[in-house]
$ cat data19.cif   # mmCIF, C-alpha atoms
data_target
loop_
_atom_site.label_atom_id
_atom_site.label_comp_id
_atom_site.auth_asym_id
_atom_site.auth_seq_id
_atom_site.Cartn_x
_atom_site.Cartn_y
_atom_site.Cartn_z
CA MET L 1 0.79 -13.50 -5.10
CA THR L 2 -0.79 -10.60 -6.99
CA VAL L 3 1.69 -7.99 -8.26
CA ASP L 4 0.53 -4.40 -8.59
CA PRO L 5 0.64 -2.86 -12.10
CA PRO L 6 3.75 -0.66 -12.62
CA TYR L 7 1.77 2.59 -12.39
CA LEU L 8 0.44 1.63 -8.93
CA SER L 9 3.93 0.74 -7.72
CA ILE L 10 5.24 4.10 -8.95
CA ALA L 11 2.35 5.93 -7.26
CA ALA L 12 3.03 4.03 -4.02
CA GLY L 13 6.69 5.07 -4.12
CA ILE L 14 5.81 8.76 -4.50
CA ARG L 15 3.15 8.40 -1.79
CA ARG L 16 5.75 6.99 0.62
CA ARG L 17 8.09 9.90 -0.07
CA ILE L 18 5.28 12.32 0.74
CA ALA L 19 4.22 10.45 3.88
CA SER L 20 7.83 10.40 5.16
CA GLY L 21 8.14 14.18 4.69
CA GLU L 22 10.76 13.91 1.96
CA LEU L 23 8.29 15.73 -0.30
CA ALA L 24 6.45 18.50 1.57
CA PRO L 25 3.24 20.30 0.56
CA GLY L 26 3.98 22.51 -2.44
CA ASP L 27 7.05 20.53 -3.52
CA ARG L 28 7.13 19.32 -7.10
CA VAL L 29 6.78 15.57 -7.52
CA PRO L 30 8.62 13.74 -10.32
CA SER L 31 7.24 14.75 -13.72
CA THR L 32 6.03 12.20 -16.23
CA ARG L 33 9.31 12.58 -18.13
CA ALA L 34 11.31 12.04 -14.93
CA ILE L 35 9.28 8.92 -14.12
CA VAL L 36 9.84 7.56 -17.63
CA ARG L 37 13.57 8.17 -17.30
CA GLU L 38 13.97 6.83 -13.74
CA SER L 39 11.57 3.85 -13.90
CA GLY L 40 11.98 2.86 -17.53
CA VAL L 41 8.24 2.83 -18.22
CA ALA L 42 6.11 4.24 -21.02
CA MET L 43 4.76 7.81 -20.86
CA ALA L 44 1.21 6.44 -20.51
CA THR L 45 2.24 4.49 -17.39
CA ALA L 46 3.84 7.58 -15.83
CA THR L 47 0.71 9.60 -16.57
CA LYS L 48 -1.53 6.98 -14.94
CA ALA L 49 0.66 7.00 -11.81
CA LEU L 50 0.24 10.73 -11.33
CA ALA L 51 -3.46 10.49 -12.15
CA VAL L 52 -3.94 7.98 -9.31
CA LEU L 53 -2.32 10.40 -6.84
CA ALA L 54 -4.37 13.29 -8.18
CA ARG L 55 -7.63 11.37 -7.70
CA GLU L 56 -6.63 10.63 -4.11
CA GLY L 57 -5.98 14.33 -3.50
CA VAL L 58 -2.31 13.64 -2.78
CA VAL L 59 -1.02 15.90 -5.57
CA ARG L 60 -2.43 18.71 -7.69
CA ALA L 61 -1.48 20.30 -10.98
CA VAL L 62 -0.26 23.91 -10.88
CA PRO L 63 -0.21 25.71 -14.26
CA GLY L 64 3.29 26.80 -15.21
CA VAL L 65 4.83 24.81 -12.35
CA GLY L 66 3.85 21.17 -12.72
CA THR L 67 2.45 18.60 -10.33
CA VAL L 68 3.04 19.39 -6.66
CA VAL L 69 2.20 17.84 -3.30
CA ALA L 70 -1.25 19.01 -2.21
CA GLU L 71 -1.53 21.08 0.95
CA ALA L 72 -2.31 19.02 4.00
CA GLY L 73 -5.35 21.04 5.04
CA SER L 74 -7.47 19.48 7.74
CA ALA L 75 -8.10 15.78 7.20
CA ARG L 76 -11.76 15.12 7.84
CA GLY L 77 -13.99 12.11 7.61
CA PRO L 78 -17.73 11.65 7.05
CA GLN L 79 -19.98 14.61 7.90
CA GLY L 80 -16.86 16.74 8.43
CA ALA L 81 -15.77 14.85 11.56
CA ALA L 82 -12.04 15.20 12.21
CA LEU L 83 -10.06 12.07 11.46
CA SER L 84 -8.01 10.44 14.18
CA ARG L 85 -5.93 7.30 14.52
CA GLU L 86 -8.75 5.78 16.58
CA ALA L 87 -11.31 6.47 13.84
CA VAL L 88 -9.05 4.93 11.17
CA VAL L 89 -8.45 1.80 13.28
CA ALA L 90 -12.16 1.45 14.10
CA ALA L 91 -13.07 1.61 10.39
CA ALA L 92 -10.38 -0.93 9.55
CA LEU L 93 -11.72 -3.27 12.23
CA ARG L 94 -15.21 -3.11 10.73
CA ILE L 95 -13.88 -3.95 7.28
CA ALA L 96 -11.59 -6.78 8.42
CA ASP L 97 -14.33 -8.34 10.57
CA ALA L 98 -16.67 -8.38 7.57
CA GLU L 99 -14.25 -9.16 4.74
CA GLY L 100 -11.02 -10.44 6.30
CA LEU L 101 -7.54 -9.00 5.79
CA ALA L 102 -7.82 -9.65 2.05
CA GLY L 103 -10.55 -7.02 1.86
CA LEU L 104 -8.59 -4.46 3.87
CA SER L 105 -6.57 -1.72 2.19
CA MET L 106 -5.78 1.88 2.93
CA ARG L 107 -7.90 2.90 -0.04
CA ARG L 108 -10.81 0.79 1.22
CA VAL L 109 -10.60 2.40 4.68
CA ALA L 110 -10.43 5.87 3.13
CA GLY L 111 -13.54 5.14 1.11
CA ASP L 112 -15.36 3.94 4.21
CA LEU L 113 -14.44 7.17 6.02
CA GLY L 114 -15.21 9.38 3.03
CA THR L 115 -11.73 10.86 2.85
CA SER L 116 -8.59 10.60 0.70
CA THR L 117 -6.06 7.80 1.09
CA MET L 118 -3.36 10.37 1.75
CA ALA L 119 -5.30 11.65 4.75
CA LEU L 120 -4.96 8.23 6.38
CA TYR L 121 -1.17 8.25 6.07
CA ARG L 122 -1.03 11.25 8.39
CA HIS L 123 -2.39 8.98 11.15
CA VAL L 124 -1.18 5.48 10.17
CA PRO L 125 1.96 5.13 8.01
CA SER L 126 1.21 1.74 6.43
CA LYS L 127 -1.22 -1.15 6.24
CA GLY L 128 1.15 -3.26 8.34
CA GLU L 129 1.06 -0.70 11.13
CA LEU L 130 -2.71 -0.47 10.79
CA VAL L 131 -3.08 -4.25 11.29
CA ARG L 132 -0.78 -4.07 14.34
CA LEU L 133 -2.96 -1.35 15.87
CA MET L 134 -6.14 -3.29 15.06
CA THR L 135 -4.76 -6.41 16.73
CA ASP L 136 -3.79 -4.51 19.85
CA VAL L 137 -7.26 -2.94 20.07
CA ALA L 138 -8.80 -6.41 19.76
CA PHE L 139 -6.64 -7.71 22.64
CA ASP L 140 -8.06 -4.93 24.78
CA GLU L 141 -11.48 -6.63 24.50
CA ALA L 142 -10.32 -9.46 26.78
CA ASP L 143 -11.85 -9.14 30.24
CA LEU L 144 -8.83 -9.40 32.52
CA ARG L 145 -10.61 -9.07 35.83
CA ARG L 146 -8.93 -11.82 37.83
CA PRO L 147 -11.40 -14.59 38.78
CA ALA L 148 -11.34 -16.40 42.09
CA GLY L 149 -9.45 -19.67 42.16
CA ASP L 150 -6.03 -21.13 41.49
CA TRP L 151 -3.75 -20.89 38.45
CA ARG L 152 -5.96 -23.33 36.52
CA ALA L 153 -9.12 -21.27 36.99
CA GLN L 154 -7.25 -18.15 35.92
CA LEU L 155 -5.70 -19.74 32.81
CA THR L 156 -9.10 -21.15 31.88
CA HIS L 157 -10.58 -17.67 32.13
CA ALA L 158 -7.77 -16.06 30.11
CA SER L 159 -7.92 -18.69 27.36
CA HIS L 160 -11.69 -18.39 27.03
CA GLN L 161 -11.34 -14.62 26.81
CA LEU L 162 -8.76 -14.92 24.03
CA TRP L 163 -10.88 -17.48 22.17
CA GLY L 164 -13.77 -15.03 22.30
CA VAL L 165 -11.56 -12.33 20.77
CA TYR L 166 -10.55 -14.67 17.94
CA ARG L 167 -14.16 -15.61 17.32
CA ARG L 168 -15.15 -11.95 16.98
CA HIS L 169 -12.11 -11.18 14.80
CA PRO L 170 -11.19 -14.29 12.75
CA TRP L 171 -8.50 -12.36 10.81
CA MET L 172 -6.44 -12.07 14.01
CA ALA L 173 -5.08 -15.61 13.73
CA ARG L 174 -3.32 -14.69 10.51
CA ALA L 175 -2.22 -11.29 11.82
CA MET L 176 -0.58 -12.96 14.85
CA ALA L 177 1.16 -15.65 12.78
CA SER L 178 4.76 -15.16 14.03
CA PHE L 179 5.99 -16.15 17.47
CA ILE L 180 9.62 -15.55 16.53
CA ARG L 181 8.98 -11.92 15.58
CA PRO L 182 6.31 -10.66 17.99
CA GLU L 183 4.99 -7.16 17.42
CA PRO L 184 5.29 -4.57 20.23
CA MET L 185 1.65 -4.20 21.32
CA PRO L 186 0.82 -2.80 24.78
CA GLU L 187 -2.57 -4.54 25.14
CA ALA L 188 -1.21 -7.88 23.95
CA MET L 189 1.63 -7.49 26.47
CA THR L 190 -0.96 -6.73 29.16
CA TYR L 191 -2.58 -10.08 28.37
CA THR L 192 0.81 -11.80 28.59
CA GLU L 193 1.55 -10.13 31.93
CA TRP L 194 -1.82 -11.32 33.26
CA VAL L 195 -1.11 -14.95 32.34
CA LEU L 196 2.43 -14.85 33.73
CA ARG L 197 1.11 -13.50 37.03
CA ALA L 198 -1.40 -16.35 37.19
CA LEU L 199 1.52 -18.81 37.14
CA ARG L 200 3.84 -16.81 39.36
CA GLY L 201 2.95 -18.75 42.52
CA THR L 202 3.71 -22.15 40.97
CA PRO L 203 7.11 -23.91 41.17
CA LEU L 204 7.61 -23.53 37.41
CA SER L 205 10.74 -21.67 36.34
CA VAL L 206 10.53 -18.32 34.57
CA HIS L 207 11.24 -20.00 31.23
CA GLN L 208 8.67 -22.73 31.89
CA VAL L 209 6.07 -20.10 32.70
CA MET L 210 6.74 -18.27 29.43
CA LEU L 211 6.66 -21.53 27.44
CA THR L 212 3.34 -22.41 29.09
CA HIS L 213 1.89 -19.06 28.01
CA LEU L 214 3.16 -19.47 24.43
CA THR L 215 1.78 -23.02 24.23
CA LEU L 216 -1.70 -21.82 25.23
CA ILE L 217 -1.48 -18.93 22.75
CA ALA L 218 -0.42 -21.33 19.98
CA PHE L 219 -3.35 -23.64 20.75
CA VAL L 220 -5.93 -20.85 20.58
CA GLN L 221 -4.31 -19.35 17.49
CA GLY L 222 -4.28 -22.70 15.69
CA LEU L 223 -8.00 -23.10 16.21
CA GLY L 224 -8.41 -19.46 15.20
CA MET L 225 -6.76 -20.24 11.86
CA ALA L 226 -9.13 -23.20 11.43
CA MET L 227 -12.07 -20.93 12.21
CA GLU L 228 -10.96 -18.45 9.56
CA MET L 229 -10.64 -21.24 6.98
CA GLU L 230 -14.09 -22.55 7.90
CA GLY L 231 -15.48 -19.08 7.32
CA HIS L 232 -13.83 -18.91 3.90
CA ALA L 233 -15.17 -22.37 3.01
CA LEU L 234 -18.70 -21.30 3.90
CA GLU L 235 -18.37 -18.11 1.84
CA ASP L 236 -16.86 -19.94 -1.16
CA THR L 237 -19.35 -22.82 -1.27
CA GLY L 238 -22.44 -21.49 0.48
CA VAL L 239 -22.67 -24.90 2.17
CA SER L 240 -22.85 -25.23 5.96
CA ASN L 241 -20.89 -27.89 7.88
CA ASP L 242 -24.01 -29.99 8.44
CA GLU L 243 -24.95 -29.76 4.75
CA TRP L 244 -21.40 -30.74 3.81
CA MET L 245 -21.56 -33.87 5.94
CA ASP L 246 -25.02 -34.74 4.60
CA ARG L 247 -23.69 -34.51 1.07
CA ASN L 248 -20.52 -36.50 1.75
CA GLY L 249 -21.68 -38.92 4.46
CA GLY L 250 -22.37 -41.69 1.96
CA ARG L 251 -18.90 -41.44 0.45
CA PHE L 252 -17.25 -41.58 3.89
CA ALA L 253 -19.36 -44.61 4.82
CA ALA L 254 -18.42 -46.38 1.58
CA ILE L 255 -14.70 -45.83 2.21
CA VAL L 256 -14.91 -46.97 5.83
CA SER L 257 -16.90 -50.08 4.90
CA SER L 258 -13.98 -51.31 2.78
CA GLY L 259 -12.45 -52.83 5.92
CA ARG L 260 -9.21 -50.87 5.70
CA TYR L 261 -10.09 -48.68 8.67
CA PRO L 262 -11.42 -50.95 11.44
CA VAL L 263 -10.75 -48.52 14.30
CA LEU L 264 -12.25 -45.58 12.43
CA ALA L 265 -15.26 -47.73 11.61
CA THR L 266 -16.09 -48.04 15.31
CA ILE L 267 -16.83 -44.30 15.35
CA PHE L 268 -19.55 -44.82 12.75
CA GLU L 269 -21.00 -47.77 14.65
CA HIS L 270 -22.01 -45.54 17.54
CA GLU L 271 -24.15 -42.43 17.72
CA PRO L 272 -23.26 -39.75 15.17
CA PHE L 273 -20.01 -38.00 15.99
CA GLY L 274 -20.51 -34.24 15.96
CA MET L 275 -17.70 -31.76 16.27
CA ASP L 276 -17.48 -28.00 16.27
CA LEU L 277 -14.56 -25.72 17.04
CA ASP L 278 -15.98 -24.56 20.38
CA SER L 279 -16.18 -28.18 21.58
CA LEU L 280 -12.67 -28.88 20.28
CA PHE L 281 -11.41 -25.76 22.06
CA ALA L 282 -12.95 -26.82 25.39
CA PHE L 283 -11.63 -30.39 25.12
CA GLY L 284 -8.14 -29.34 24.01
CA LEU L 285 -7.83 -26.64 26.66
CA ASP L 286 -8.72 -29.09 29.44
CA ARG L 287 -6.08 -31.55 28.19
CA LEU L 288 -3.44 -28.81 28.01
CA LEU L 289 -4.23 -27.69 31.54
CA ASP L 290 -4.01 -31.34 32.69
CA GLY L 291 -0.52 -31.46 31.22
CA ILE L 292 0.47 -28.19 32.89
CA ALA L 293 -0.77 -29.58 36.21
CA VAL L 294 1.48 -32.64 35.77
CA SER L 295 4.42 -30.38 34.99
CA ILE L 296 3.76 -28.33 38.13
CA ARG L 297 3.57 -31.49 40.26
CA GLU L 298 6.78 -32.88 38.80
CA THR L 299 8.60 -29.58 39.31
CA SER L 300 7.35 -29.36 42.88
CA ALA L 301 8.53 -32.92 43.61
#

$ encode --input "data19.cif" --output "structure tokens"
Amino acid sequence: MTVDPPYLSIAAGIRRRIASGELAPGDRVPSTRAIVRESGVAMATATKALAVLAREGVVRAVPGVGTVVAEAGSARGPQGAALSREAVVAAALRIADAEGLAGLSMRRVAGDLGTSTMALYRHVPSKGELVRLMTDVAFDEADLRRPAGDWRAQLTHASHQLWGVYRRHPWMARAMASFIRPEPMPEAMTYTEWVLRALRGTPLSVHQVMLTHLTLIAFVQGLGMAMEMEGHALEDTGVSNDEWMDRNGGRFAAIVSSGRYPVLATIFEHEPFGMDLDSLFAFGLDRLLDGIAVSIRETSA
């Protein structure tokens, strides 16, 4: 894990104090001497920390007073358009879709909007909160108009909608990594409510219905993680999946021909086996729904 240089950590601490309101516009921020004393760093490090905040427009130097928190003013984006939480989230979505979560930072979003980093903190308090908002916006893309048909048709529709969201936003699989600590997100909860309603008329218990929903989510998310890794592999190597197999097909064939893998060898004896994540999603979803159907029948009996 990359650790920020000390001066960036110090700057982040002062920035948090300003964002929380502990330090208001016009208040003096810790001087370089105070930073040296409190953080145990060199004077040059303390100076760099304040310089970072000054470049961002978070603080300004006042002759005879020292460095103070800059006045809030009116936070504005490109072409003088007023910033809003929606504009910040939309810019972050564009960056994450193109570069993944690794390429997303508050500073990067500020640069994209042509404003200071501090201006963003007036709308979104942290990167973690920004990712939560982005994820909830992405969930809102799912078309939740209820299709005709039984519970299976409705779960098929919902799962395909969620898979489409993950395909458009591959970073979401990583953002949604925890089932034990779910984030409070209204649109994601709307999706959950939709799925639970689809199963409401079945004999499954309330807990079984929730476990069914979580199992489907886990399946789609797992493939979403694989999709993100495939994207990274393509970016890192510049080699497509077909090119990869062309390059390595001979090595696979040589290993299989050793006789140690007789069942696996039967795959190579037939027509070429092609696989993509969309096909795997469709096959896996059908098998999961088959299992849910069995569970419903057994519960009914």

$ atom_distance --input "data19.cif" --atom1 "CA of Gly13 in chain L" --atom2 "CA of Glu86 in chain L"
25.8 Å

$ closest_residue --input "data19.cif" --among "L:Gly103, L:Pro147, L:Gly224, L:Pro30" --to "Asp278 in chain L" --atoms "all atoms listed in the file"
L:Gly224

$ residues_around --input "data19.cif" --residues "Val109 in chain L" --least-positions-apart "6" --cutoff "10 Å" --atoms "only C-alpha atoms" --output "PyMOL selection string"
chain L and resi 88-96+103+115-117+120

$ residues_around --input "data19.cif" --residues "His157 in chain L" --least-positions-apart "5" --cutoff "10 Å" --atoms "all atoms listed in the file" --output "VMD selection string"
chain L and resid 142 to 147 151 to 152 162 to 163 195

$ atom_distance --input "data19.cif" --atom1 "CA of Leu8 in chain L" --atom2 "CA of Val65 in chain L"
23.8 Å

$ decode --input "data19.cif" --residues "range 131-143 of chain L" --atoms "all heavy atoms" --output "tab-separated table (two decimals), in the first residue's frame"
chain	number	residue	atom	x	y	z
L	131	VAL	N	-17.46	7.76	-3.37
L	131	VAL	CA	-17.65	6.44	-4.00
L	131	VAL	C	-19.03	5.88	-3.64
L	131	VAL	O	-19.70	5.26	-4.48
L	131	VAL	CB	-16.53	5.48	-3.57
L	131	VAL	CG1	-16.81	4.06	-4.07
L	131	VAL	CG2	-15.18	5.96	-4.11
L	132	ARG	N	-19.48	6.10	-2.42
L	132	ARG	CA	-20.82	5.63	-2.02
L	132	ARG	C	-21.88	6.31	-2.87
L	132	ARG	O	-22.81	5.65	-3.36
L	132	ARG	CB	-21.06	5.93	-0.54
L	132	ARG	CG	-22.39	5.37	-0.01
L	132	ARG	CD	-22.67	5.86	1.39
L	132	ARG	NE	-23.06	7.26	1.39
L	132	ARG	CZ	-24.29	7.70	1.11
L	132	ARG	NH1	-25.26	6.84	0.80
L	132	ARG	NH2	-24.57	8.99	1.14
L	133	LEU	N	-21.75	7.61	-3.08
L	133	LEU	CA	-22.73	8.34	-3.89
L	133	LEU	C	-22.68	7.88	-5.34
L	133	LEU	O	-23.72	7.74	-6.00
L	133	LEU	CB	-22.45	9.84	-3.80
L	133	LEU	CG	-22.71	10.49	-2.44
L	133	LEU	CD1	-22.15	11.91	-2.42
L	133	LEU	CD2	-24.19	10.49	-2.10
L	134	MET	N	-21.48	7.66	-5.86
L	134	MET	CA	-21.32	7.18	-7.24
L	134	MET	C	-22.02	5.83	-7.42
L	134	MET	O	-22.72	5.60	-8.41
L	134	MET	CB	-19.83	7.03	-7.58
L	134	MET	CG	-19.07	8.32	-7.69
L	134	MET	SD	-17.29	8.06	-7.49
L	134	MET	CE	-16.98	6.79	-8.74
L	135	THR	N	-21.81	4.94	-6.45
L	135	THR	CA	-22.40	3.60	-6.54
L	135	THR	C	-23.92	3.67	-6.52
L	135	THR	O	-24.61	2.97	-7.27
L	135	THR	CB	-21.91	2.73	-5.36
L	135	THR	OG1	-20.47	2.70	-5.38
L	135	THR	CG2	-22.44	1.31	-5.47
L	136	ASP	N	-24.46	4.54	-5.68
L	136	ASP	CA	-25.91	4.66	-5.60
L	136	ASP	C	-26.48	5.23	-6.90
L	136	ASP	O	-27.53	4.79	-7.38
L	136	ASP	CB	-26.29	5.55	-4.42
L	136	ASP	CG	-27.67	5.22	-3.88
L	136	ASP	OD1	-28.06	4.04	-3.92
L	136	ASP	OD2	-28.38	6.14	-3.43
L	137	VAL	N	-25.78	6.20	-7.49
L	137	VAL	CA	-26.21	6.74	-8.79
L	137	VAL	C	-26.21	5.65	-9.85
L	137	VAL	O	-27.12	5.55	-10.68
L	137	VAL	CB	-25.31	7.92	-9.21
L	137	VAL	CG1	-25.55	8.29	-10.66
L	137	VAL	CG2	-25.57	9.13	-8.31
L	138	ALA	N	-25.18	4.79	-9.83
L	138	ALA	CA	-25.10	3.71	-10.81
L	138	ALA	C	-26.26	2.73	-10.65
L	138	ALA	O	-26.83	2.26	-11.64
L	138	ALA	CB	-23.76	2.99	-10.67
L	139	PHE	N	-26.64	2.43	-9.41
L	139	PHE	CA	-27.77	1.53	-9.18
L	139	PHE	C	-29.06	2.10	-9.78
L	139	PHE	O	-29.94	1.36	-10.22
L	139	PHE	CB	-27.97	1.30	-7.68
L	139	PHE	CG	-27.40	0.01	-7.18
L	139	PHE	CD1	-26.17	-0.01	-6.55
L	139	PHE	CD2	-28.08	-1.19	-7.34
L	139	PHE	CE1	-25.62	-1.20	-6.10
L	139	PHE	CE2	-27.56	-2.38	-6.88
L	139	PHE	CZ	-26.31	-2.39	-6.26
L	140	ASP	N	-29.15	3.41	-9.82
L	140	ASP	CA	-30.35	4.05	-10.35
L	140	ASP	C	-30.50	3.82	-11.85
L	140	ASP	O	-31.56	4.06	-12.43
L	140	ASP	CB	-30.31	5.55	-10.06
L	140	ASP	CG	-31.63	6.24	-10.34
L	140	ASP	OD1	-32.69	5.64	-10.08
L	140	ASP	OD2	-31.61	7.38	-10.84
L	141	GLU	N	-29.43	3.33	-12.52
L	141	GLU	CA	-29.50	3.05	-13.95
L	141	GLU	C	-30.30	1.78	-14.26
L	141	GLU	O	-30.71	1.57	-15.40
L	141	GLU	CB	-28.09	2.91	-14.53
L	141	GLU	CG	-27.27	4.19	-14.48
L	141	GLU	CD	-25.87	3.99	-14.99
L	141	GLU	OE1	-25.58	2.89	-15.53
L	141	GLU	OE2	-25.04	4.91	-14.87
L	142	ALA	N	-30.47	0.92	-13.26
L	142	ALA	CA	-31.21	-0.32	-13.48
L	142	ALA	C	-32.67	-0.02	-13.80
L	142	ALA	O	-33.32	0.75	-13.10
L	142	ALA	CB	-31.11	-1.22	-12.25
L	143	ASP	N	-33.16	-0.61	-14.88
L	143	ASP	CA	-34.55	-0.42	-15.29
L	143	ASP	C	-35.42	-1.36	-14.46
L	143	ASP	O	-35.42	-2.58	-14.67
L	143	ASP	CB	-34.70	-0.74	-16.78
L	143	ASP	CG	-36.13	-0.60	-17.27
L	143	ASP	OD1	-37.01	-0.24	-16.45
L	143	ASP	OD2	-36.37	-0.86	-18.45
